[in-house]
Amino acid sequence: MPLYYFVRDMKPGDTNGQGVNGLWMVFSHAGVTVSSKAELGSYLADAIGMALYRFTKDSAGQSACKGSCESAWPIFYTDHMPVTGELASAAADFGTITRDDGTKQTTFRGMPLYYYVKDQQPGDTLGQDVLHAWYVIDPAGSASETAKETADSSSPNQYAVEISHFAFSQKELTVEAGATITFTNQDQVMHNAVSDQLNADGTPVFETRLLGQGESASVTLTEPGEYTYYCRPHQSVMKGKIIVK
Ligand SMILES: [Cu+2]
């Protein structure tokens, strides 16, 4: 669609052209909405209905799509997070990461969001299942489902725990021995994850470094058992549990 300015817009933020003669509309991708199709169910889209995708090779807070991949799967970024409508209750699931090149990308439950270059208009979902690696995102799917699907199809034994709004996304996570759990912080405040269980020398079985916004750290648990953990700066309020089978 060709894009135009309007002569009566005098300063940034003016939208005097909206609705003029019933023919002109602001063109904005800012924001996230929910679309649906019979064959796909509900899926996340941008403000004008262009489908958004996740990449199963990504891990929480980390995009694996670089170079030519970025041309086929343009990065989605908005600073207009949903606060009303269908997605109001999911507002906390959205976050932002800074990519290696310094640009920003919007995430949903830690997973970076993309467009597909072959989608031409709202309602197109040509990216679905491309290379068995790209999928639209069901906003109603549980966080653990999203993480598990992602884990299953990328590398086995990978799990993601999001930290946002002073909470761990999965209060209880069950994994197999040898699994790697990646913690990603979406808050501006720094958090980490520290095991209550101690080694023989009195140090925690695991303790990640303090994570800034968008940063991740992983722990690998090889011994079956129950591992409760907390965030060291906020240990009275932030707790979680990992069960290793
Ligand atoms: Cu914390």
# chains A, B, ... in the order shown; residues from 1 in each chain; ligands from 1
call {"tool": "residues_around", "arguments": {"residues": "Trp134 in chain A", "least_positions_apart": "6", "cutoff": "10 Å", "atoms": "only C-alpha atoms", "output": "PyMOL selection string"}}
result
chain A and resi 52-57+73+114+116+127-128
call {"tool": "write_last_selection", "arguments": {"atoms": "all heavy atoms", "output": "short mmCIF file (atom, residue, chain, number, x, y, z; two decimals), in the first residue's frame"}}
result
data_model
loop_
_atom_site.label_atom_id
_atom_site.label_comp_id
_atom_site.auth_asym_id
_atom_site.auth_seq_id
_atom_site.Cartn_x
_atom_site.Cartn_y
_atom_site.Cartn_z
N LEU A 52 1.37 -12.80 13.20
CA LEU A 52 2.69 -12.84 13.85
C LEU A 52 3.06 -14.30 14.09
O LEU A 52 2.20 -15.14 14.34
CB LEU A 52 2.64 -12.08 15.18
CG LEU A 52 2.31 -10.59 15.03
CD1 LEU A 52 2.10 -9.95 16.40
CD2 LEU A 52 3.41 -9.88 14.26
N TYR A 53 4.34 -14.56 14.04
CA TYR A 53 4.84 -15.94 14.12
C TYR A 53 5.91 -16.06 15.19
O TYR A 53 6.57 -15.10 15.54
CB TYR A 53 5.46 -16.37 12.79
CG TYR A 53 4.49 -16.36 11.65
CD1 TYR A 53 4.31 -15.21 10.89
CD2 TYR A 53 3.75 -17.49 11.33
CE1 TYR A 53 3.40 -15.18 9.84
CE2 TYR A 53 2.84 -17.47 10.28
CZ TYR A 53 2.67 -16.32 9.54
OH TYR A 53 1.78 -16.29 8.51
N ARG A 54 6.06 -17.31 15.65
CA ARG A 54 7.21 -17.63 16.50
C ARG A 54 8.06 -18.66 15.78
O ARG A 54 7.58 -19.40 14.90
CB ARG A 54 6.77 -18.15 17.86
CG ARG A 54 6.09 -19.49 17.80
CD ARG A 54 5.48 -19.86 19.13
NE ARG A 54 4.58 -20.98 18.96
CZ ARG A 54 4.96 -22.25 18.93
NH1 ARG A 54 6.22 -22.57 19.10
NH2 ARG A 54 4.09 -23.21 18.75
N PHE A 55 9.32 -18.70 16.15
CA PHE A 55 10.31 -19.57 15.50
C PHE A 55 10.75 -20.60 16.54
O PHE A 55 11.21 -20.25 17.61
CB PHE A 55 11.49 -18.69 15.08
CG PHE A 55 12.58 -19.40 14.31
CD1 PHE A 55 12.33 -20.51 13.52
CD2 PHE A 55 13.88 -18.91 14.38
CE1 PHE A 55 13.34 -21.12 12.81
CE2 PHE A 55 14.91 -19.52 13.67
CZ PHE A 55 14.64 -20.63 12.88
N THR A 56 10.60 -21.88 16.20
CA THR A 56 10.88 -22.91 17.21
C THR A 56 12.37 -23.04 17.52
O THR A 56 12.74 -23.66 18.51
CB THR A 56 10.34 -24.29 16.77
OG1 THR A 56 10.92 -24.61 15.50
CG2 THR A 56 8.84 -24.27 16.65
N LYS A 57 13.22 -22.45 16.69
CA LYS A 57 14.66 -22.50 17.01
C LYS A 57 15.04 -21.40 18.02
O LYS A 57 16.15 -21.41 18.55
CB LYS A 57 15.49 -22.33 15.74
CG LYS A 57 15.21 -23.38 14.67
CD LYS A 57 16.34 -24.37 14.56
CE LYS A 57 16.17 -25.42 13.47
NZ LYS A 57 14.84 -26.00 13.35
N TRP A 73 11.64 -13.20 7.56
CA TRP A 73 10.81 -13.12 8.76
C TRP A 73 11.09 -11.79 9.46
O TRP A 73 11.82 -11.75 10.45
CB TRP A 73 11.13 -14.31 9.68
CG TRP A 73 10.89 -15.62 9.00
CD1 TRP A 73 11.80 -16.36 8.32
CD2 TRP A 73 9.65 -16.32 8.90
NE1 TRP A 73 11.21 -17.48 7.79
CE2 TRP A 73 9.88 -17.48 8.14
CE3 TRP A 73 8.35 -16.08 9.38
CZ2 TRP A 73 8.88 -18.39 7.84
CZ3 TRP A 73 7.35 -16.99 9.09
CH2 TRP A 73 7.62 -18.14 8.32
N TYR A 114 7.56 -12.36 14.85
CA TYR A 114 7.99 -12.05 13.48
C TYR A 114 6.78 -11.94 12.55
O TYR A 114 5.75 -12.56 12.79
CB TYR A 114 8.87 -13.17 12.92
CG TYR A 114 10.07 -13.52 13.73
CD1 TYR A 114 9.96 -14.41 14.80
CD2 TYR A 114 11.31 -12.97 13.45
CE1 TYR A 114 11.07 -14.74 15.56
CE2 TYR A 114 12.43 -13.30 14.20
CZ TYR A 114 12.30 -14.18 15.26
OH TYR A 114 13.39 -14.51 16.01
N TYR A 116 5.86 -12.67 8.32
CA TYR A 116 6.37 -13.49 7.22
C TYR A 116 6.30 -12.66 5.96
O TYR A 116 5.26 -12.06 5.66
CB TYR A 116 5.55 -14.76 7.08
CG TYR A 116 6.08 -15.71 6.01
CD1 TYR A 116 7.44 -15.98 5.92
CD2 TYR A 116 5.22 -16.33 5.12
CE1 TYR A 116 7.93 -16.85 4.94
CE2 TYR A 116 5.70 -17.21 4.16
CZ TYR A 116 7.06 -17.46 4.08
OH TYR A 116 7.53 -18.32 3.13
N GLY A 127 2.90 -18.26 6.45
CA GLY A 127 4.09 -18.69 7.19
C GLY A 127 3.85 -19.91 8.06
O GLY A 127 4.80 -20.53 8.54
N GLN A 128 2.56 -20.25 8.26
CA GLN A 128 2.25 -21.35 9.18
C GLN A 128 2.94 -22.64 8.76
O GLN A 128 2.79 -23.09 7.64
CB GLN A 128 0.73 -21.54 9.25
CG GLN A 128 0.26 -22.73 10.08
CD GLN A 128 0.48 -22.56 11.58
OE1 GLN A 128 0.92 -21.53 12.03
NE2 GLN A 128 0.20 -23.59 12.34
#
call {"tool": "closest_atom_pairs", "arguments": {"of": "range 181-210 of chain A", "to": "range 158-171 of chain A", "cutoff": "12 Å", "atoms": "only C-alpha atoms", "output": "tab-separated table"}}
result
residue	atom	partner	partner_atom	distance
A:Ile181	CA	A:Tyr159	CA	4.6
A:Thr182	CA	A:Ala160	CA	4.8
A:Phe183	CA	A:Val161	CA	4.8
A:Thr184	CA	A:Glu162	CA	5.0
A:Asn185	CA	A:Ile163	CA	4.6
A:Gln186	CA	A:Ser164	CA	5.1
A:Asp187	CA	A:Ser164	CA	5.3
A:Gln188	CA	A:Ser164	CA	9.0
A:Val189	CA	A:Phe166	CA	8.5
A:Met190	CA	A:Phe166	CA	9.6
A:His191	CA	A:Ile163	CA	7.7
A:Asn192	CA	A:Ile163	CA	8.6
A:Ala193	CA	A:Phe168	CA	9.1
A:Leu210	CA	A:Ile163	CA	11.8
call {"tool": "closest_residue", "arguments": {"among": "A:Leu211, A:Leu3, A:Ile242, A:Ile48", "to": "Gln121 in chain A", "atoms": "only C-alpha atoms"}}
result
A:Ile48
call {"tool": "closest_residue", "arguments": {"among": "A:Thr125, A:Ser236, A:Gln213, A:Gln197", "to": "Gly61 in chain A", "atoms": "only C-alpha atoms"}}
result
A:Gln213
call {"tool": "select_by_dssp", "arguments": {"residues": "range 70-230 of chain A", "states": "helix (DSSP H, G or I)", "output": "list of chain:residue names"}}
result
A:Glu70, A:Ser71, A:Ala72, A:Gly85, A:Glu86, A:Leu87, A:Ala88, A:Ser89, A:Ala90, A:Ala91, A:Ala92, A:Asp93, A:Val130, A:Leu131, A:His132, A:Ala143, A:Ser144, A:Glu145, A:Thr146, A:Ala147, A:Lys148, A:Glu149, A:Thr150, A:Ala151, A:Asp152, A:Ser153
call {"tool": "closest_residue", "arguments": {"among": "A:Asn157, A:Thr208, A:Thr203, A:Thr107", "to": "Thr222 in chain A", "atoms": "only C-alpha atoms"}}
result
A:Asn157
call {"tool": "select_by_dssp", "arguments": {"residues": "range 1-241 of chain A", "states": "strand (DSSP E or B)", "output": "PyMOL selection string"}}
result
chain A and resi 32-37+41-46+51+53-55+59+62+75+94-98+104-108+111-112+114+134-136+158-164+167-168+172-175+179-185+191+194-195+198+204+207+211+216-221+225-230+239-241
call {"tool": "residues_around", "arguments": {"residues": "Phe76 in chain A", "least_positions_apart": "6", "cutoff": "7 Å", "atoms": "only C-alpha atoms", "output": "PyMOL selection string"}}
result
chain A and resi 105-106+113-115
call {"tool": "write_last_selection", "arguments": {"atoms": "C-alpha atoms", "output": "short mmCIF file (atom, residue, chain, number, x, y, z; two decimals), in the first residue's frame"}}
result
data_model
loop_
_atom_site.label_atom_id
_atom_site.label_comp_id
_atom_site.auth_asym_id
_atom_site.auth_seq_id
_atom_site.Cartn_x
_atom_site.Cartn_y
_atom_site.Cartn_z
CA GLN A 105 11.74 -6.98 19.16
CA THR A 106 8.46 -7.69 20.88
CA LEU A 113 7.59 -12.26 17.26
CA TYR A 114 7.99 -12.05 13.48
CA TYR A 115 6.10 -11.28 10.31
#
call {"tool": "atom_distance", "arguments": {"atom1": "CA of Lys241 in chain A", "atom2": "CA of Leu173 in chain A"}}
result
6.3 Å
call {"tool": "closest_residue", "arguments": {"among": "A:Thr103, A:Ser36, A:Gln235, A:Asn21", "to": "ligand 1", "atoms": "only C-alpha atoms and all ligand atoms"}}
result
A:Gln235
call {"tool": "closest_residue", "arguments": {"among": "A:Val32, A:Cys65, A:Leu40, A:Leu126", "to": "Phe108 in chain A", "atoms": "only C-alpha atoms"}}
result
A:Val32
call {"tool": "atom_distance", "arguments": {"atom1": "CA of His80 in chain A", "atom2": "CA of Ala217 in chain A"}}
result
27.3 Å
call {"tool": "closest_residue", "arguments": {"among": "A:Ser63, A:Ser216, A:Thr78, A:Asn16", "to": "Asp46 in chain A", "atoms": "only C-alpha atoms"}}
result
A:Thr78
call {"tool": "atom_distance", "arguments": {"atom1": "CA of Tyr230 in chain A", "atom2": "CA of Ser195 in chain A"}}
result
6.6 Å
call {"tool": "residues_around", "arguments": {"residues": "Pro224 in chain A", "least_positions_apart": "4", "cutoff": "8 Å", "atoms": "only C-alpha atoms", "output": "ChimeraX atom specification"}}
result
/A:176-177,243-245
call {"tool": "residues_around", "arguments": {"residues": "Lys37 in chain A", "least_positions_apart": "5", "cutoff": "9 Å", "atoms": "only C-alpha atoms", "output": "PyMOL selection string"}}
result
chain A and resi 42-43+123
call {"tool": "residues_around", "arguments": {"residues": "Leu221 in chain A", "least_positions_apart": "6", "cutoff": "7 Å", "atoms": "only C-alpha atoms", "output": "list in words"}}
result
Ala177, Gly178, Ala179 and Thr180 of chain A
call {"tool": "write_last_selection", "arguments": {"atoms": "N, CA and C atoms", "output": "compact mmCIF listing (two decimals), in the first residue's frame"}}
result
# COMPACT_ATOMS: atom_id res chain seq x y z
N ALA A 177 15.53 -35.62 33.83
CA ALA A 177 16.92 -35.42 34.26
C ALA A 177 17.78 -35.04 33.06
N GLY A 178 18.64 -34.08 33.27
CA GLY A 178 19.50 -33.62 32.20
C GLY A 178 18.94 -32.42 31.46
N ALA A 179 17.72 -31.99 31.84
CA ALA A 179 17.08 -30.88 31.14
C ALA A 179 17.78 -29.55 31.45
N THR A 180 17.71 -28.67 30.47
CA THR A 180 18.23 -27.31 30.66
C THR A 180 17.05 -26.36 30.77
